[in-house]
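Next comes entry_35.txt, a file with compact mmCIF, C-alpha atoms.
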# COMPACT_ATOMS: atom_id res chain seq x y z
CA MET L 1 53.50 -144.58 254.83
CA GLU L 2 54.56 -141.03 255.58
CA ALA L 3 56.41 -139.05 252.94
CA ILE L 4 56.79 -136.05 255.26
CA LYS L 5 56.59 -135.91 259.04
CA THR L 6 57.37 -132.89 261.19
CA VAL L 7 57.52 -132.75 264.98
CA SER L 8 57.33 -129.33 266.66
CA LEU L 9 59.19 -127.84 263.70
CA THR L 10 59.98 -124.20 264.42
CA LYS L 11 61.82 -121.42 262.61
CA ILE L 12 62.32 -118.02 264.20
CA TYR L 13 63.73 -115.02 262.31
CA GLY L 14 64.91 -112.62 265.01
CA SER L 15 61.69 -111.43 266.63
CA ASN L 16 59.48 -112.86 263.87
CA VAL L 17 57.98 -116.34 263.78
CA GLY L 18 58.32 -118.16 260.45
CA VAL L 19 56.85 -121.49 261.57
CA GLU L 20 55.92 -122.47 265.11
CA ASN L 21 55.54 -126.02 266.48
CA LEU L 22 54.50 -127.50 263.15
CA ASN L 23 53.26 -131.07 263.52
CA LEU L 24 52.30 -132.40 260.11
CA GLU L 25 52.07 -135.70 258.26
CA VAL L 26 51.87 -136.04 254.48
CA PHE L 27 51.34 -139.53 253.10
CA SER L 28 53.20 -141.14 250.23
CA GLY L 29 51.50 -140.71 246.87
CA GLU L 30 49.05 -138.01 247.93
CA THR L 31 48.67 -134.49 246.64
CA PHE L 32 48.73 -132.23 249.68
CA GLY L 33 47.80 -128.55 249.59
CA PHE L 34 49.33 -126.08 252.02
CA LEU L 35 47.12 -123.00 252.22
CA GLY L 36 47.70 -119.68 253.86
CA PRO L 37 47.85 -115.95 253.22
CA ASN L 38 51.08 -114.30 252.18
CA GLY L 39 53.59 -114.38 255.03
CA SER L 40 51.84 -117.22 256.84
CA GLY L 41 54.81 -119.61 256.78
CA LYS L 42 54.23 -121.65 253.63
CA THR L 43 57.53 -120.84 251.94
CA THR L 44 59.45 -121.15 255.21
CA THR L 45 58.04 -124.66 255.60
CA VAL L 46 59.09 -125.61 252.08
CA ARG L 47 62.60 -124.24 252.61
CA LEU L 48 62.92 -126.19 255.86
CA LEU L 49 61.73 -129.43 254.29
CA ASN L 50 64.14 -128.99 251.38
CA CYS L 51 67.09 -128.34 253.71
CA ILE L 52 67.62 -124.82 252.39
CA ILE L 53 67.40 -123.36 255.89
CA ARG L 54 67.83 -125.00 259.28
CA PRO L 55 65.11 -125.06 261.93
CA THR L 56 65.42 -123.18 265.19
CA SER L 57 64.04 -126.23 266.95
CA GLY L 58 62.03 -129.37 266.26
CA ARG L 59 62.67 -132.04 263.67
CA ALA L 60 61.36 -133.45 260.42
CA LYS L 61 61.82 -136.37 258.08
CA VAL L 62 61.29 -136.26 254.33
CA GLY L 63 61.15 -139.59 252.55
CA GLY L 64 62.34 -141.16 255.79
CA TYR L 65 65.48 -139.00 255.92
CA ASP L 66 66.24 -136.49 258.66
CA ILE L 67 66.45 -132.91 257.36
CA LEU L 68 69.40 -132.14 259.65
CA SER L 69 71.60 -135.24 259.61
CA GLU L 70 70.68 -136.53 256.13
CA SER L 71 70.13 -133.36 254.14
CA GLU L 72 71.95 -134.61 251.02
CA LYS L 73 69.70 -137.67 250.88
CA VAL L 74 66.64 -135.46 251.25
CA LYS L 75 67.74 -133.31 248.33
CA ARG L 76 68.26 -136.39 246.15
CA ILE L 77 64.66 -137.54 246.50
CA THR L 78 62.90 -134.17 246.31
CA GLY L 79 62.10 -131.82 243.47
CA LEU L 80 61.41 -128.14 244.10
CA LEU L 81 59.73 -125.44 242.08
CA PRO L 82 60.15 -122.29 244.22
CA GLU L 83 57.84 -119.31 244.07
CA THR L 84 60.46 -117.17 242.32
CA PRO L 85 62.58 -119.67 240.37
CA GLY L 86 65.65 -118.75 238.40
CA ILE L 87 65.86 -119.68 234.75
CA TYR L 88 68.77 -119.17 232.37
CA GLU L 89 67.09 -117.50 229.43
CA ARG L 90 70.15 -117.68 227.18
CA LEU L 91 69.90 -121.46 227.23
CA THR L 92 67.55 -123.58 225.18
CA ALA L 93 64.94 -125.65 226.98
CA HIS L 94 66.98 -128.76 226.27
CA GLU L 95 70.21 -127.16 227.54
CA PHE L 96 68.54 -125.90 230.71
CA LEU L 97 67.12 -129.32 231.56
CA GLU L 98 70.45 -130.95 230.77
CA PHE L 99 72.16 -128.52 233.15
CA ILE L 100 69.67 -129.21 235.97
CA GLY L 101 69.91 -132.96 235.41
CA SER L 102 73.70 -132.84 235.60
CA LEU L 103 73.45 -131.19 239.03
CA TYR L 104 71.71 -134.34 240.21
CA ASP L 105 74.23 -136.62 238.47
CA VAL L 106 71.60 -138.18 236.23
CA PRO L 107 73.52 -140.47 233.81
CA GLN L 108 73.65 -139.01 230.29
CA PRO L 109 71.72 -141.77 228.46
CA ILE L 110 68.93 -141.59 231.05
CA LEU L 111 69.02 -137.79 231.12
CA LYS L 112 68.65 -137.48 227.37
CA ARG L 113 65.63 -139.79 227.38
CA ARG L 114 64.01 -138.00 230.31
CA ILE L 115 64.46 -134.59 228.70
CA ASN L 116 62.79 -135.77 225.52
CA ASP L 117 59.99 -137.46 227.46
CA LEU L 118 59.35 -134.41 229.64
CA LEU L 119 59.39 -131.96 226.74
CA ASP L 120 56.92 -134.18 224.91
CA PHE L 121 54.75 -134.51 228.03
CA PHE L 122 54.62 -130.74 228.43
CA GLU L 123 53.94 -130.31 224.70
CA LEU L 124 57.29 -128.62 224.08
CA GLY L 125 58.90 -131.34 222.02
CA ASP L 126 59.25 -129.07 219.01
CA ARG L 127 60.58 -126.13 221.07
CA GLY L 128 63.47 -127.85 222.85
CA ASP L 129 66.17 -126.14 220.77
CA GLU L 130 64.75 -122.63 221.17
CA LEU L 131 66.12 -120.10 223.66
CA LEU L 132 64.05 -119.72 226.81
CA GLU L 133 64.07 -115.94 226.46
CA GLY L 134 61.54 -116.32 223.66
CA PHE L 135 59.16 -118.47 225.73
CA SER L 136 55.94 -117.15 227.26
CA LYS L 137 55.49 -117.24 231.06
CA GLY L 138 53.35 -120.35 230.76
CA MET L 139 55.93 -122.13 228.62
CA LYS L 140 58.71 -121.19 231.03
CA GLN L 141 56.64 -122.57 233.90
CA LYS L 142 56.32 -125.84 231.99
CA VAL L 143 60.11 -126.01 231.63
CA LEU L 144 60.54 -125.24 235.32
CA LEU L 145 58.08 -128.01 236.22
CA ALA L 146 60.08 -130.35 234.01
CA SER L 147 63.28 -129.28 235.81
CA ALA L 148 61.72 -130.23 239.15
CA LEU L 149 61.01 -133.71 237.77
CA ILE L 150 64.19 -134.32 235.78
CA HIS L 151 65.85 -136.52 238.44
CA ASP L 152 62.65 -138.52 239.04
CA PRO L 153 62.09 -137.38 242.66
CA GLU L 154 59.78 -139.18 245.04
CA ILE L 155 58.43 -135.95 246.51
CA VAL L 156 57.73 -132.76 244.55
CA PHE L 157 57.32 -129.36 246.21
CA LEU L 158 55.50 -126.67 244.23
CA ASP L 159 55.50 -123.23 245.86
CA GLU L 160 52.81 -121.03 244.29
CA PRO L 161 53.03 -122.83 240.91
CA THR L 162 50.58 -120.45 239.22
CA SER L 163 52.08 -117.24 240.62
CA GLY L 164 52.26 -114.46 238.04
CA LEU L 165 50.54 -116.44 235.30
CA ASP L 166 47.62 -115.25 233.22
CA PRO L 167 44.31 -117.16 233.46
CA VAL L 168 45.04 -119.41 230.47
CA SER L 169 48.53 -120.34 231.68
CA SER L 170 47.23 -120.82 235.23
CA ARG L 171 44.61 -123.28 234.00
CA MET L 172 47.23 -125.08 231.91
CA VAL L 173 49.56 -125.52 234.91
CA LYS L 174 46.65 -126.70 237.07
CA ASP L 175 45.70 -129.32 234.47
CA LEU L 176 49.33 -130.46 234.22
CA ILE L 177 49.55 -130.89 238.00
CA LYS L 178 46.33 -132.93 238.00
CA MET L 179 47.68 -135.10 235.20
CA LEU L 180 51.03 -135.61 236.90
CA SER L 181 49.46 -136.52 240.24
CA SER L 182 47.06 -138.99 238.62
CA GLU L 183 49.63 -140.67 236.38
CA THR L 184 52.54 -140.99 238.82
CA ASN L 185 53.03 -142.32 242.34
CA LYS L 186 54.84 -139.19 243.44
CA THR L 187 53.91 -137.14 246.48
CA PHE L 188 53.04 -133.52 245.68
CA PHE L 189 53.25 -130.77 248.31
CA ILE L 190 51.64 -127.65 246.85
CA CYS L 191 51.80 -124.27 248.57
CA THR L 192 49.21 -121.83 247.33
CA HIS L 193 46.80 -119.09 248.26
CA ILE L 194 44.69 -119.83 245.16
CA LEU L 195 41.86 -121.63 246.90
CA PRO L 196 40.11 -123.14 243.84
CA LEU L 197 43.46 -124.67 242.78
CA ALA L 198 43.76 -126.48 246.09
CA GLU L 199 40.12 -127.58 246.12
CA GLU L 200 40.34 -129.02 242.62
CA VAL L 201 43.76 -130.66 242.80
CA CYS L 202 44.51 -131.68 246.40
CA GLU L 203 43.35 -134.74 248.31
CA ARG L 204 44.09 -133.20 251.69
CA ILE L 205 44.76 -129.66 252.79
CA GLY L 206 46.54 -127.92 255.64
CA ILE L 207 45.79 -124.31 256.55
CA ILE L 208 48.58 -122.29 258.14
CA ASP L 209 48.31 -118.76 259.50
CA ARG L 210 50.94 -116.68 261.30
CA GLY L 211 53.25 -119.68 261.42
CA GLN L 212 50.78 -122.02 263.08
CA LEU L 213 48.98 -124.96 261.51
CA LYS L 214 45.27 -124.38 262.05
CA GLU L 215 43.54 -127.24 260.23
CA VAL L 216 44.23 -130.42 258.24
CA GLY L 217 41.76 -132.53 256.29
CA SER L 218 40.24 -133.25 252.93
CA PRO L 219 38.33 -130.40 251.27
CA GLU L 220 35.06 -132.22 251.90
CA GLU L 221 35.89 -132.87 255.56
CA LEU L 222 36.77 -129.23 256.15
CA LYS L 223 33.70 -127.94 254.36
CA GLU L 224 31.48 -130.26 256.41
CA LYS L 225 33.21 -129.32 259.67
CA TYR L 226 32.71 -125.59 259.10
CA GLY L 227 29.38 -125.82 257.34
CA ALA L 228 30.92 -124.16 254.30
CA LYS L 229 30.04 -124.31 250.61
CA ASN L 230 33.66 -124.03 249.46
CA LEU L 231 37.23 -123.62 250.69
CA GLU L 232 36.96 -119.85 250.58
CA GLU L 233 34.41 -119.97 253.38
CA VAL L 234 36.54 -122.47 255.32
CA PHE L 235 39.59 -120.26 254.91
CA LEU L 236 37.67 -117.23 256.15
CA GLN L 237 36.48 -119.02 259.26
CA VAL L 238 39.83 -120.63 260.08
CA THR L 239 41.98 -117.55 259.61
CA GLY L 240 39.43 -114.85 260.42
CA LYS L 241 40.49 -113.01 257.28
CA ASN L 242 38.50 -111.58 254.43
CA VAL L 243 38.94 -113.38 251.16
CA THR L 244 40.86 -111.01 248.89
CA LYS L 245 41.20 -111.01 245.13
CA ASP L 246 44.58 -112.75 245.15
CA MET L 247 43.00 -115.72 246.91
CA ILE L 248 40.43 -116.23 244.17
CA GLU L 249 41.41 -117.65 240.83
CA TRP L 250 40.73 -115.38 237.88
CA VAL L 251 37.58 -116.22 236.00

Go ahead and render the structure in this file as structure tokens.
Amino acid sequence: MEAIKTVSLTKIYGSNVGVENLNLEVFSGETFGFLGPNGSGKTTTVRLLNCIIRPTSGRAKVGGYDILSESEKVKRITGLLPETPGIYERLTAHEFLEFIGSLYDVPQPILKRRINDLLDFFELGDRGDELLEGFSKGMKQKVLLASALIHDPEIVFLDEPTSGLDPVSSRMVKDLIKMLSSETNKTFFICTHILPLAEEVCERIGIIDRGQLKEVGSPEELKEKYGAKNLEEVFLQVTGKNVTKDMIEWV
């Protein structure tokens, strides 16, 4: 069953192409990686699929709901961690999650239990009453991941989930994503230009460049198709770009 299906999805910004004729299927329960250099259309795609912006043309369904005519239903079943999320640092972790949960009308008894469960899962159970301004970047990213899950969405979008994190925090977030994807039936749509993250975590991968989808397949399928040892080599061949430092995870 398809969790996400797009048909000729296109977004034009004036004279610039955000996404052009995107035809993509993501299956329920899979962890899908969306790769591409900065400015390739990854974030535009996520914003379209989360009904934040409207397409210029084309259509898409998320969880079976149309992004144009059923946008409120789409938002109810999706969780989003944007690349540059906002966080209210004068709130405690518990207060922040309670606020986000209330936006989704999660009933209070359920919300309280979910907050406690998520804080425990992310190893923050003893930090729930502390202000977020005192949290490290990695700890804040844990809280933001929890906020994307607080309403128990079917489909979770993570846009550059390790952006701006140090190597230790990046590894921690990667391990958390692997754990979440293995222990839940949720669909994960992960945008990244960190190639080792995608290769380690994702079951299938799409490569987008200059707004156009270039390739889709499992890491092994793509490596075999291009005779490559790793996704870095695949990426280089598909996009014709040199692999730069921001595409390679810190060692």

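Relative to atom CA of Gly79 of chain L, atom CA of Leu91 of chain L is found at 20.8 Å.
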
Which residue out of L:Val26, L:Val62, L:Ile77, L:Val143 has the minimum interatomic distance to Cys202 of chain L when all atoms listed in the file are used? L:Val26

Around (44.9, -121.2, 247.1) in the file's own coordinates, what residues are found within 12 Å if you use all atoms listed in the file, given back as a ChimeraX atom specification? /L:32-38,42,159-163,174,190-202,205-208,230-232,234-235,243-250

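Among the candidate residues L:Lys186, L:Arg114, L:Lys225, L:Arg210, the one lying nearest to Gly29 of chain L is L:Lys186, with distances computed using all atoms listed in the file.
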
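The nearest approach to Gly134 of chain L among the residues L:Ser147, L:Thr92, L:Asn116, L:Thr187, with all atoms listed in the file taken into account, belongs to L:Thr92.
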
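Between atom CA of Ile100 of chain L and atom CA of Glu30 of chain L the separation is 25.4 Å.
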
Around all the atoms of segment 7-21 of chain L listed in the file, with 4 Å of room on each side, what axis-aligned box do you get, giving centre and edge lengths in Å to one decimal, as AutoDock Vina command-line options?
--center_x 60.2 --center_y -122.1 --center_z 263.6 --size_x 17.4 --size_y 29.3 --size_z 14.2

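Taking all atoms listed in the file into account, Gly211 of chain L lies nearest to L:Gly41 out of the set L:Gly63, L:Gly14, L:Gly41, L:Gly138.
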
Around the point (64.2, -127.0, 223.9) (coordinates from the file), which residues reach within 7 Å if we count only C-alpha atoms? Answer as JSON, numbers by chain. {"L": [92, 93, 94, 127, 128, 129, 130]}

Provide the atom CA of Asn21 of chain L to atom CA of Ser57 of chain L distance in Å, to one decimal place. 8.5 Å

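Nearest to Leu49 of chain L of all the residues L:Lys112, L:His151, L:Arg90, L:Lys5 is L:Lys5, based on all atoms listed in the file.
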
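Checking L:Leu213, L:Met179, L:Val74, L:Ile150 one by one against Gly18 of chain L, counting only C-alpha atoms, you find the shortest gap at L:Leu213.
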
Name the residues in contact with Leu68 of chain L at a cut-off of 10 Å, using all atoms listed in the file, excluding same-chain residues fewer than 4 positions from it; report them as a PyMOL selection string. chain L and resi 48-49+51+53-55+59-61+72+74
